[in-house]
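File shown here: data_25.cif, holding mmCIF, C-alpha atoms and all ligand atoms.
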data_structure
#
loop_
_atom_site.label_atom_id
_atom_site.label_comp_id
_atom_site.auth_asym_id
_atom_site.auth_seq_id
_atom_site.Cartn_x
_atom_site.Cartn_y
_atom_site.Cartn_z
CA MET A 1 189.48 78.05 67.70
CA ASP A 2 189.46 81.84 67.60
CA LYS A 3 189.74 83.20 64.12
CA ASN A 4 191.76 86.28 63.20
CA PHE A 5 189.77 87.06 60.09
CA GLN A 6 186.05 86.98 59.47
CA VAL A 7 186.50 86.51 55.76
CA VAL A 8 189.36 86.05 53.32
CA GLY A 9 188.33 86.83 49.74
CA ILE A 10 190.07 85.35 46.74
CA GLY A 11 189.44 86.95 43.38
CA ASN A 12 190.62 88.66 40.24
CA ALA A 13 192.04 92.03 41.31
CA ILE A 14 190.66 94.33 38.63
CA VAL A 15 190.57 98.07 38.07
CA ASP A 16 187.24 99.21 36.62
CA VAL A 17 187.09 101.70 33.79
CA LEU A 18 183.45 102.81 33.86
CA ALA A 19 181.72 104.82 31.15
CA LYS A 20 178.16 105.61 30.20
CA VAL A 21 177.25 104.45 26.70
CA ASP A 22 174.07 104.31 24.62
CA ASP A 23 172.34 101.07 23.71
CA ASP A 24 173.91 101.12 20.23
CA PHE A 25 177.32 100.64 21.82
CA ILE A 26 176.27 97.17 23.02
CA GLU A 27 175.09 96.17 19.56
CA THR A 28 177.97 97.73 17.63
CA HIS A 29 180.51 95.87 19.74
CA ASN A 30 178.61 92.55 19.73
CA LEU A 31 178.13 92.48 23.49
CA VAL A 32 175.48 90.73 25.54
CA LYS A 33 174.09 93.20 28.03
CA GLY A 34 174.65 92.35 31.70
CA THR A 35 177.45 89.84 31.11
CA MET A 36 181.22 89.71 31.62
CA ASN A 37 183.21 89.23 28.42
CA LEU A 38 186.88 88.27 28.49
CA ILE A 39 189.02 90.33 26.11
CA ASP A 40 192.68 90.52 25.11
CA ALA A 41 195.05 93.48 25.45
CA GLU A 42 194.38 94.67 21.90
CA ARG A 43 190.63 94.75 22.35
CA ALA A 44 191.06 96.48 25.72
CA LEU A 45 193.00 99.22 23.98
CA TYR A 46 190.41 99.44 21.21
CA LEU A 47 187.41 99.62 23.56
CA SER A 48 189.19 102.18 25.76
CA GLY A 49 189.34 104.38 22.69
CA GLN A 50 185.60 103.98 22.11
CA ILE A 51 184.44 105.38 25.45
CA LYS A 52 184.45 108.90 26.87
CA ASP A 53 184.78 110.39 30.36
CA ALA A 54 185.60 107.11 32.07
CA ALA A 55 185.72 106.86 35.85
CA ILE A 56 188.55 104.68 37.20
CA ARG A 57 187.80 102.68 40.36
CA SER A 58 189.22 99.67 42.17
CA GLY A 59 186.91 96.74 41.47
CA GLY A 60 186.91 92.97 41.06
CA SER A 61 184.00 90.99 42.41
CA ALA A 62 185.44 89.41 45.56
CA GLY A 63 187.62 92.51 46.02
CA ASN A 64 184.51 94.70 46.15
CA THR A 65 182.90 92.41 48.69
CA ILE A 66 185.96 92.40 50.91
CA ALA A 67 186.35 96.18 50.65
CA ALA A 68 182.72 96.61 51.77
CA MET A 69 183.08 94.14 54.62
CA ALA A 70 186.14 96.03 55.83
CA GLY A 71 184.05 99.20 55.61
CA LEU A 72 181.51 97.53 57.92
CA GLY A 73 184.30 96.95 60.42
CA ALA A 74 184.97 93.27 59.71
CA LYS A 75 188.48 91.83 59.88
CA THR A 76 189.25 90.82 56.32
CA ALA A 77 191.99 89.61 54.02
CA PHE A 78 192.22 89.43 50.24
CA PHE A 79 194.30 87.40 47.79
CA GLY A 80 194.46 88.78 44.26
CA LYS A 81 197.22 89.22 41.70
CA LEU A 82 198.41 92.71 40.76
CA ALA A 83 201.26 93.92 38.56
CA ASP A 84 203.96 96.30 39.73
CA ASP A 85 202.39 99.31 37.99
CA GLU A 86 200.35 102.44 38.77
CA MET A 87 196.97 100.71 38.62
CA GLY A 88 198.25 97.92 40.83
CA LYS A 89 199.61 100.37 43.36
CA GLN A 90 196.32 102.26 43.49
CA TYR A 91 194.40 99.03 43.99
CA PHE A 92 196.66 97.92 46.81
CA ASP A 93 196.51 101.34 48.47
CA ASP A 94 192.69 101.33 48.35
CA MET A 95 192.52 97.96 50.10
CA ASN A 96 195.22 98.91 52.57
CA ALA A 97 193.44 102.14 53.49
CA LEU A 98 190.38 100.06 54.38
CA GLY A 99 192.46 97.84 56.65
CA VAL A 100 192.29 94.77 54.41
CA HIS A 101 195.22 92.40 54.92
CA PHE A 102 196.53 91.88 51.37
CA PRO A 103 199.59 89.61 51.34
CA THR A 104 199.63 88.54 47.66
CA LYS A 105 202.97 89.23 45.96
CA VAL A 106 202.79 91.51 42.91
CA ILE A 107 204.18 90.37 39.57
CA LYS A 108 207.40 92.17 38.78
CA GLU A 109 207.47 91.35 35.07
CA GLY A 110 204.87 90.35 32.56
CA GLU A 111 201.33 91.48 32.05
CA PRO A 112 199.89 94.65 33.58
CA THR A 113 197.22 94.90 36.27
CA ALA A 114 193.83 93.69 35.06
CA ARG A 115 191.17 96.14 33.93
CA SER A 116 187.55 95.88 33.02
CA ILE A 117 185.98 98.32 30.61
CA ILE A 118 182.45 98.60 31.91
CA ALA A 119 179.76 99.94 29.62
CA ILE A 120 176.83 101.40 31.55
CA THR A 121 173.66 101.67 29.46
CA PRO A 122 170.83 104.17 30.16
CA ASP A 123 168.86 101.45 32.04
CA GLY A 124 171.73 101.28 34.59
CA GLU A 125 172.79 97.78 33.48
CA ARG A 126 176.51 97.10 33.25
CA THR A 127 178.31 95.06 30.60
CA MET A 128 181.89 94.19 31.43
CA ASN A 129 184.88 93.67 29.13
CA THR A 130 187.70 92.26 31.15
CA TYR A 131 191.36 91.98 30.29
CA LEU A 132 192.74 89.65 32.97
CA GLY A 133 196.43 90.62 32.63
CA ALA A 134 198.33 89.89 35.86
CA CYS A 135 195.34 87.96 37.29
CA THR A 136 196.14 84.97 35.10
CA GLU A 137 199.19 84.34 37.33
CA ILE A 138 197.35 83.49 40.57
CA GLY A 139 198.16 80.00 41.80
CA PRO A 140 198.55 77.72 44.85
CA GLU A 141 201.64 79.67 45.99
CA ASP A 142 199.36 82.69 46.65
CA MET A 143 197.20 80.84 49.17
CA ASP A 144 198.59 82.21 52.44
CA GLU A 145 197.98 79.25 54.71
CA PRO A 146 198.02 80.99 58.12
CA VAL A 147 195.44 83.48 56.85
CA ILE A 148 193.16 80.74 55.54
CA ARG A 149 193.49 78.71 58.72
CA THR A 150 192.46 81.68 60.81
CA SER A 151 189.53 82.86 58.68
CA GLN A 152 185.91 82.02 59.48
CA VAL A 153 184.97 82.06 55.81
CA VAL A 154 186.95 81.67 52.58
CA TYR A 155 185.03 83.44 49.83
CA PHE A 156 185.91 83.13 46.15
CA GLU A 157 184.45 84.03 42.78
CA GLY A 158 183.49 81.69 39.96
CA TYR A 159 185.47 84.06 37.73
CA LEU A 160 188.59 82.41 39.17
CA TRP A 161 187.96 79.39 36.97
CA ASP A 162 189.38 81.48 34.06
CA PRO A 163 193.00 81.92 35.27
CA PRO A 164 194.64 78.53 34.58
CA ARG A 165 196.03 77.63 38.02
CA ALA A 166 193.49 79.24 40.31
CA LYS A 167 191.20 76.24 40.66
CA GLU A 168 194.05 74.16 42.02
CA ALA A 169 194.68 76.93 44.55
CA LEU A 170 191.02 77.03 45.56
CA TYR A 171 190.79 73.32 46.18
CA ASP A 172 193.86 73.67 48.42
CA ALA A 173 192.32 76.64 50.22
CA ALA A 174 189.03 74.80 50.78
CA LYS A 175 190.85 71.83 52.27
CA ILE A 176 192.81 74.02 54.68
CA ALA A 177 189.70 75.95 55.69
CA HIS A 178 187.63 72.84 56.34
CA ALA A 179 190.40 71.22 58.41
CA GLU A 180 190.16 74.22 60.77
CA GLY A 181 186.37 74.38 60.93
CA GLY A 182 186.08 77.26 58.46
CA LYS A 183 183.41 77.61 55.80
CA VAL A 184 183.87 78.04 52.06
CA ALA A 185 181.65 80.31 49.99
CA LEU A 186 181.41 80.68 46.22
CA THR A 187 179.68 83.25 44.05
CA LEU A 188 178.73 81.93 40.63
CA SER A 189 179.72 85.31 39.10
CA ASP A 190 178.22 85.36 35.62
CA VAL A 191 176.09 83.38 33.18
CA PHE A 192 178.85 83.08 30.54
CA CYS A 193 181.21 81.92 33.27
CA ILE A 194 178.73 79.21 34.28
CA GLU A 195 178.43 78.15 30.65
CA ARG A 196 182.18 77.63 30.61
CA TYR A 197 182.39 75.74 33.92
CA ARG A 198 178.91 74.43 34.79
CA GLU A 199 179.93 70.87 35.64
CA GLU A 200 182.90 72.02 37.71
CA PHE A 201 180.73 74.43 39.70
CA LYS A 202 178.16 71.71 40.31
CA GLU A 203 180.91 69.38 41.46
CA LEU A 204 182.18 72.04 43.90
CA ILE A 205 178.70 72.24 45.41
CA THR A 206 177.69 68.58 45.47
CA SER A 207 181.10 67.45 46.78
CA LYS A 208 180.66 69.99 49.65
CA THR A 209 183.93 71.68 48.71
CA VAL A 210 181.72 74.75 48.90
CA ASP A 211 179.36 75.26 51.86
CA ILE A 212 177.70 78.52 50.86
CA VAL A 213 176.53 79.44 47.36
CA LEU A 214 175.74 82.94 46.12
CA ALA A 215 174.10 83.58 42.76
CA ASN A 216 171.76 85.95 40.99
CA GLU A 217 168.56 84.65 39.44
CA ASN A 218 169.96 84.17 35.91
CA GLU A 219 173.02 82.39 37.23
CA LEU A 220 170.86 79.99 39.22
CA LEU A 221 168.72 79.23 36.15
CA SER A 222 171.85 78.69 34.08
CA LEU A 223 173.45 76.40 36.66
CA TYR A 224 170.47 74.04 36.59
CA GLU A 225 169.69 74.64 32.89
CA THR A 226 166.07 75.56 33.42
CA ASP A 227 163.74 78.57 32.92
CA ASP A 228 161.71 77.60 35.97
CA PHE A 229 162.91 79.57 39.01
CA ASP A 230 161.13 77.37 41.57
CA LYS A 231 162.63 74.27 40.04
CA ALA A 232 166.13 75.80 40.16
CA LEU A 233 165.62 76.88 43.76
CA ASP A 234 164.51 73.35 44.70
CA ALA A 235 167.64 71.95 43.10
CA LEU A 236 169.81 74.36 45.06
CA LEU A 237 167.93 73.53 48.25
CA ASN A 238 168.69 69.91 47.62
CA ASP A 239 172.39 70.51 46.83
CA CYS A 240 173.46 72.84 49.62
CA SER A 241 172.45 73.95 53.09
CA MET A 242 173.35 77.65 52.83
CA ALA A 243 172.75 79.93 49.87
CA ALA A 244 171.62 83.37 48.80
CA VAL A 245 169.98 84.18 45.47
CA THR A 246 169.62 87.82 44.43
CA ARG A 247 166.74 88.91 42.21
CA SER A 248 167.49 92.57 41.38
CA GLU A 249 164.39 94.71 42.14
CA LYS A 250 162.67 91.69 43.73
CA GLY A 251 165.25 91.51 46.54
CA ALA A 252 166.83 88.22 47.55
CA ILE A 253 166.15 84.72 48.79
CA ILE A 254 168.11 83.05 51.55
CA ILE A 255 168.38 79.32 52.03
CA GLU A 256 169.35 77.90 55.40
CA ASN A 257 169.08 74.21 56.26
CA GLY A 258 166.16 73.47 53.97
CA GLN A 259 164.32 76.68 54.80
CA ILE A 260 163.63 79.43 52.28
CA MET A 261 163.41 83.05 53.44
CA LYS A 262 162.58 86.11 51.40
CA CYS A 263 164.36 89.44 51.84
CA GLU A 264 162.48 92.47 50.56
CA PRO A 265 164.39 94.97 48.41
CA PHE A 266 165.01 98.56 49.47
CA VAL A 267 162.95 100.48 46.94
CA ILE A 268 164.88 103.13 45.03
CA GLU A 269 163.93 105.54 42.28
CA THR A 270 166.50 104.90 39.58
CA VAL A 271 169.40 102.56 39.03
CA LEU A 272 172.35 104.68 37.95
CA ASP A 273 174.87 101.84 37.60
CA ALA A 274 174.25 98.21 38.59
CA THR A 275 177.99 97.55 38.92
CA GLY A 276 178.71 95.91 42.26
CA ALA A 277 175.11 95.16 43.30
CA GLY A 278 175.79 91.45 43.72
CA ASP A 279 179.15 92.12 45.39
CA MET A 280 177.60 94.51 47.92
CA PHE A 281 174.84 92.04 48.65
CA ALA A 282 177.51 89.40 49.30
CA ALA A 283 179.29 91.77 51.71
CA GLY A 284 176.17 92.26 53.84
CA TYR A 285 175.26 88.60 53.73
CA LEU A 286 178.75 87.35 54.63
CA TYR A 287 179.13 90.02 57.30
CA GLY A 288 175.91 88.68 58.79
CA ILE A 289 177.09 85.09 58.66
CA SER A 290 180.45 85.86 60.25
CA ASN A 291 178.82 87.95 62.99
CA SER A 292 176.14 85.35 63.75
CA LEU A 293 173.25 87.58 62.67
CA GLU A 294 169.97 85.90 61.87
CA MET A 295 170.10 84.83 58.23
CA LYS A 296 167.23 87.09 57.27
CA GLU A 297 169.02 90.07 58.80
CA ALA A 298 172.18 89.13 56.90
CA GLY A 299 170.15 89.18 53.68
CA ARG A 300 168.50 92.46 54.63
CA LEU A 301 171.91 94.05 55.19
CA GLY A 302 172.99 92.75 51.78
CA CYS A 303 169.91 94.28 50.11
CA LEU A 304 170.49 97.58 51.89
CA LEU A 305 174.13 97.94 50.77
CA ALA A 306 173.29 96.80 47.24
CA SER A 307 170.51 99.38 46.96
CA LYS A 308 173.05 102.10 47.80
CA VAL A 309 175.78 101.05 45.37
CA ILE A 310 173.43 101.02 42.37
CA GLN A 311 172.75 104.70 42.95
CA VAL A 312 176.39 105.65 42.33
CA ILE A 313 178.86 105.04 39.49
CA GLY A 314 181.26 102.22 40.29
CA PRO A 315 181.29 99.23 42.61
CA ARG A 316 182.31 100.81 45.92
CA LEU A 317 180.72 103.32 48.25
CA GLU A 318 182.46 106.38 49.63
CA GLU A 319 180.01 106.91 52.51
CA SER A 320 180.44 105.18 55.84
CA LEU A 321 178.87 101.74 55.52
CA ILE A 322 178.54 101.56 59.29
CA GLU A 323 176.40 104.73 59.26
CA ILE A 324 174.28 103.36 56.40
CA ALA A 325 173.65 100.17 58.36
CA ARG A 326 172.94 101.95 61.64
CA ALA A 327 170.42 104.24 59.95
CA GLU A 328 168.39 101.11 59.10
CA GLY A 329 168.56 99.76 62.63
CA PHE A 330 171.53 97.41 62.39
CA ASP A 331 173.56 97.20 65.58
CA LEU A 332 177.10 97.62 64.23
N1 LIG B 1 166.28 97.96 41.02
C1 LIG B 1 166.61 97.61 42.26
N2 LIG B 1 165.97 98.13 43.32
C2 LIG B 1 166.31 97.81 44.57
N3 LIG B 1 167.27 96.93 44.89
C3 LIG B 1 167.93 96.36 43.87
C4 LIG B 1 167.65 96.65 42.50
N4 LIG B 1 168.50 95.96 41.73
C5 LIG B 1 169.28 95.25 42.57
N5 LIG B 1 168.95 95.49 43.85
C6 LIG B 1 169.56 94.91 45.06
O1 LIG B 1 170.82 94.38 44.71
C7 LIG B 1 170.85 92.98 44.97
C8 LIG B 1 171.68 92.32 43.92
O2 LIG B 1 171.13 92.62 42.65
P1 LIG B 1 171.18 91.63 41.42
O3 LIG B 1 170.34 90.44 41.67
O4 LIG B 1 170.86 92.44 40.21
O5 LIG B 1 172.71 91.18 41.46
P2 LIG B 1 173.75 90.96 40.29
O6 LIG B 1 173.01 90.63 39.03
O7 LIG B 1 174.77 90.02 40.76
O8 LIG B 1 174.37 92.40 40.16
P3 LIG B 1 175.76 92.78 39.50
O9 LIG B 1 176.32 91.53 38.89
O10 LIG B 1 175.42 93.85 38.51
O11 LIG B 1 176.56 93.30 40.61
C9 LIG B 1 169.40 92.53 45.00
O12 LIG B 1 169.25 91.40 45.84
C10 LIG B 1 168.71 93.77 45.58
O13 LIG B 1 168.78 93.74 46.97
MG MG B 2 176.69 89.69 39.79
#
Can I see the file as C-alpha cells?
Amino acid sequence: MDKNFQVVGIGNAIVDVLAKVDDDFIETHNLVKGTMNLIDAERALYLSGQIKDAAIRSGGSAGNTIAAMAGLGAKTAFFGKLADDEMGKQYFDDMNALGVHFPTKVIKEGEPTARSIIAITPDGERTMNTYLGACTEIGPEDMDEPVIRTSQVVYFEGYLWDPPRAKEALYDAAKIAHAEGGKVALTLSDVFCIERYREEFKELITSKTVDIVLANENELLSLYETDDFDKALDALLNDCSMAAVTRSEKGAIIIENGQIMKCEPFVIETVLDATGAGDMFAAGYLYGISNSLEMKEAGRLGCLLASKVIQVIGPRLEESLIEIARAEGFDL
C-alpha cells in the first residue's frame, strides 16, 4: 500500500529554555550531567530564575527528529500535547511552517505547555530539567488512526513512558502500524528513563512491538546492565534486526539483520551545545530508512546532521538541511 507519510513521530512536545552555565551550576543544583531530570512547576520557576540570557526554541526529542526530517523534504506527521498558550502556539507554528502534519488537539484548560530548562556546560554537554505540563495528558485518543495507517514508520521516544496514559496509546499505535505493514521505531531517550522502565523497554523489543531501536552508548549499556560495550551490542543484535547506536565523537553503529556497520563521525572543532545530537542522528537515519537508502548511508546522513546541530545552540538547525546533505554528496 502507498503510504502518505514517511514517518509519524510521537513525543513530548517541549519548548527548550537553553542557557550556558558553569560546572558549579550542575553541582549546586544536584544534577547529573548529560541526563534528563523531571521537575515540577515550582522547580521550573526556581531554575528559570537561576539562569541568564536563555534562548527559547521548540524542542522535544521526537519533535526535533520530525522537524529535521521535514526539513529534508520528507512527508511527516507529529503527535504531541500542547496547551492553549503562547509557547504552545509557537511550537505548533514552527512545526506547521516546516510542513509537519500536526493533528493533536491542544488542552484548553489545565497545565501549560511543557518546557525544559537546559543547562549547557563549557564542555558542550547538556543537562535537561523538564516540566512535562500539558504533555502528561497524551493518551490513546491522540493516536490519529488514518495517519498511523498511512505512515511507513511510527517513531516514538522512551520519554513517553513518563506520561501516565501514553504507553497504552503506543501499544495501540504499534498494532495499527503493523497491521498495515508499517514499522515501529523507539529511541531509548535517556539513562534515567531506562532505569525507570528497563523491563518495559526490553519487553517492547523482545515482543517485536518495536522493530527499530535507537540508543546512545550509555543507554545501550544501561539497557543490558553491563559496562562491556561489545556484550551490550551482541545482546541488541540478538534482540532486534534493525538498530542504530550513537557514540558521540566515535560516530555510530548500525545493525541490520545480524550485520554490524560502523559510521564514521564528521570531525568538528568544538561542541557548542550537544542538545539534539541524538535527535538529528535519528532524523538522518530514519530519512534513510524511509527512502530506501543503504543503511550505512542512512547512518552517515545521521552523523552529518548531528555534527551540524552540536555547533549551534538549541536542537534545530536554521540552515537548509537539503543543502547540507547535498554538499556531502547525498542525492536529495
Ligand atoms: N564530538 C563530536 N564530534 C562529531 N560528531 C559528534 C560528536 N558528538 C556527537 N556527534 C554526532 O552526533 C551523534 C549523536 O551523538 P551522541 O551519541 O552524543 O547522542 P546523544 O547522547 O543521544 O545526544 P543528545 O542526547 O545530547 O542529543 C553521533 O553519532 C555523532 O555522529
Ligand atoms: Mg540522546
Produce as an mmCIF file with C-alpha atoms, keeping the file's coordinate frame the set of residues near ligand MG 2 (chain B), where near means within 10 Å with all atoms listed in the file considered.
data_model
loop_
_atom_site.group_PDB
_atom_site.id
_atom_site.type_symbol
_atom_site.label_atom_id
_atom_site.label_comp_id
_atom_site.auth_asym_id
_atom_site.auth_seq_id
_atom_site.Cartn_x
_atom_site.Cartn_y
_atom_site.Cartn_z
ATOM 1 C CA GLY A 34 174.650 92.350 31.700
ATOM 2 C CA THR A 35 177.450 89.840 31.110
ATOM 3 C CA MET A 36 181.220 89.710 31.620
ATOM 4 C CA SER A 61 184.000 90.990 42.410
ATOM 5 C CA ARG A 126 176.510 97.100 33.250
ATOM 6 C CA THR A 187 179.680 83.250 44.050
ATOM 7 C CA LEU A 188 178.730 81.930 40.630
ATOM 8 C CA SER A 189 179.720 85.310 39.100
ATOM 9 C CA ASP A 190 178.220 85.360 35.620
ATOM 10 C CA VAL A 191 176.090 83.380 33.180
ATOM 11 C CA LEU A 214 175.740 82.940 46.120
ATOM 12 C CA ALA A 215 174.100 83.580 42.760
ATOM 13 C CA ASN A 216 171.760 85.950 40.990
ATOM 14 C CA GLU A 217 168.560 84.650 39.440
ATOM 15 C CA ASN A 218 169.960 84.170 35.910
ATOM 16 C CA GLU A 219 173.020 82.390 37.230
ATOM 17 C CA THR A 246 169.620 87.820 44.430
ATOM 18 C CA SER A 248 167.490 92.570 41.380
ATOM 19 C CA ALA A 274 174.250 98.210 38.590
ATOM 20 C CA THR A 275 177.990 97.550 38.920
ATOM 21 C CA GLY A 276 178.710 95.910 42.260
ATOM 22 C CA ALA A 277 175.110 95.160 43.300
ATOM 23 C CA GLY A 278 175.790 91.450 43.720
ATOM 24 C CA ASP A 279 179.150 92.120 45.390
ATOM 25 C CA MET A 280 177.600 94.510 47.920
ATOM 26 C CA PHE A 281 174.840 92.040 48.650
ATOM 27 C CA ALA A 282 177.510 89.400 49.300
#
(Q) For a quick check of understanding, using only C-alpha atoms, which of A:Thr127, A:Met95, A:Pro164, A:Tyr197 has the smallest distance to Met69 of chain A? (A) A:Met95
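Of the residues under consideration (A:Asp331, A:Glu264, A:Asp211, A:Asp230), A:Glu264 shows the shortest atom-to-atom contact distance to ligand LIG 1 (chain B) when counting all atoms listed in the file.
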Q: Please provide as a PyMOL selection string all residues within 12 Å of Val147 of chain A, with the sequence filter that same-chain residues fewer than 2 positions apart are discarded (counting only C-alpha atoms).
A: chain A and resi 3-10+75-79+100-104+142-145+149-154+173+176-177+180+182
For those residues, write C-alpha atoms to a file as a short mmCIF file (atom, residue, chain, number, x, y, z; two decimals), in the coordinates of the input.
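Output saved as again.cif:
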data_model
loop_
_atom_site.label_atom_id
_atom_site.label_comp_id
_atom_site.auth_asym_id
_atom_site.auth_seq_id
_atom_site.Cartn_x
_atom_site.Cartn_y
_atom_site.Cartn_z
CA LYS A 3 189.74 83.20 64.12
CA ASN A 4 191.76 86.28 63.20
CA PHE A 5 189.77 87.06 60.09
CA GLN A 6 186.05 86.98 59.47
CA VAL A 7 186.50 86.51 55.76
CA VAL A 8 189.36 86.05 53.32
CA GLY A 9 188.33 86.83 49.74
CA ILE A 10 190.07 85.35 46.74
CA LYS A 75 188.48 91.83 59.88
CA THR A 76 189.25 90.82 56.32
CA ALA A 77 191.99 89.61 54.02
CA PHE A 78 192.22 89.43 50.24
CA PHE A 79 194.30 87.40 47.79
CA VAL A 100 192.29 94.77 54.41
CA HIS A 101 195.22 92.40 54.92
CA PHE A 102 196.53 91.88 51.37
CA PRO A 103 199.59 89.61 51.34
CA THR A 104 199.63 88.54 47.66
CA ASP A 142 199.36 82.69 46.65
CA MET A 143 197.20 80.84 49.17
CA ASP A 144 198.59 82.21 52.44
CA GLU A 145 197.98 79.25 54.71
CA ARG A 149 193.49 78.71 58.72
CA THR A 150 192.46 81.68 60.81
CA SER A 151 189.53 82.86 58.68
CA GLN A 152 185.91 82.02 59.48
CA VAL A 153 184.97 82.06 55.81
CA VAL A 154 186.95 81.67 52.58
CA ALA A 173 192.32 76.64 50.22
CA ILE A 176 192.81 74.02 54.68
CA ALA A 177 189.70 75.95 55.69
CA GLU A 180 190.16 74.22 60.77
CA GLY A 182 186.08 77.26 58.46
#
Q.
Taking 3 positions as the minimum chain separation for residues in the same chain, which residues sit within 9 Å of Lys308 of chain A when counting all atoms listed in the file? Answer as a VMD selection string.
A. chain A and resid 266 268 277 280 303 to 305 311 to 312 317 324
Q.
Here is a test: counting all atoms listed in the file, which residue of A:Ala298, A:Leu82, A:Ala179, A:Ile117 is nearest to Ile138 of chain A?
A. A:Leu82
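Using all atoms listed in the file for every distance, the candidate list A:Cys135, A:Leu301, A:Val213, A:Met295 yields A:Leu301 as the residue closest to Gly251 of chain A.
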Calculate, to one decimal in Å, the centre and edge lengths of the box along x, y and z of the file that holds all listed atoms of ligand LIG 1 (chain B) with 8 Å of margin on each side, and present them as AutoDock Vina command-line options.
--center_x 171.3 --center_y 94.1 --center_z 42.7 --size_x 26.6 --size_y 24.1 --size_z 24.5
Q: Do a neighbour search on segment 231-245 of chain A at 9 Å with all atoms listed in the file, toss out local chain neighbours closer than 3 positions, and write the hits as number ranges by chain.
A: A: 185, 202, 205-206, 208, 210-217, 219-228, 251-260, 282, 285, 299
(Q) Show me, as an NGL selection string, the residues that have an atom within 7 Å of Val106 of chain A when counting all atoms listed in the file, minus same-chain residues fewer than 3 positions from it. (A) :A and (81-84)
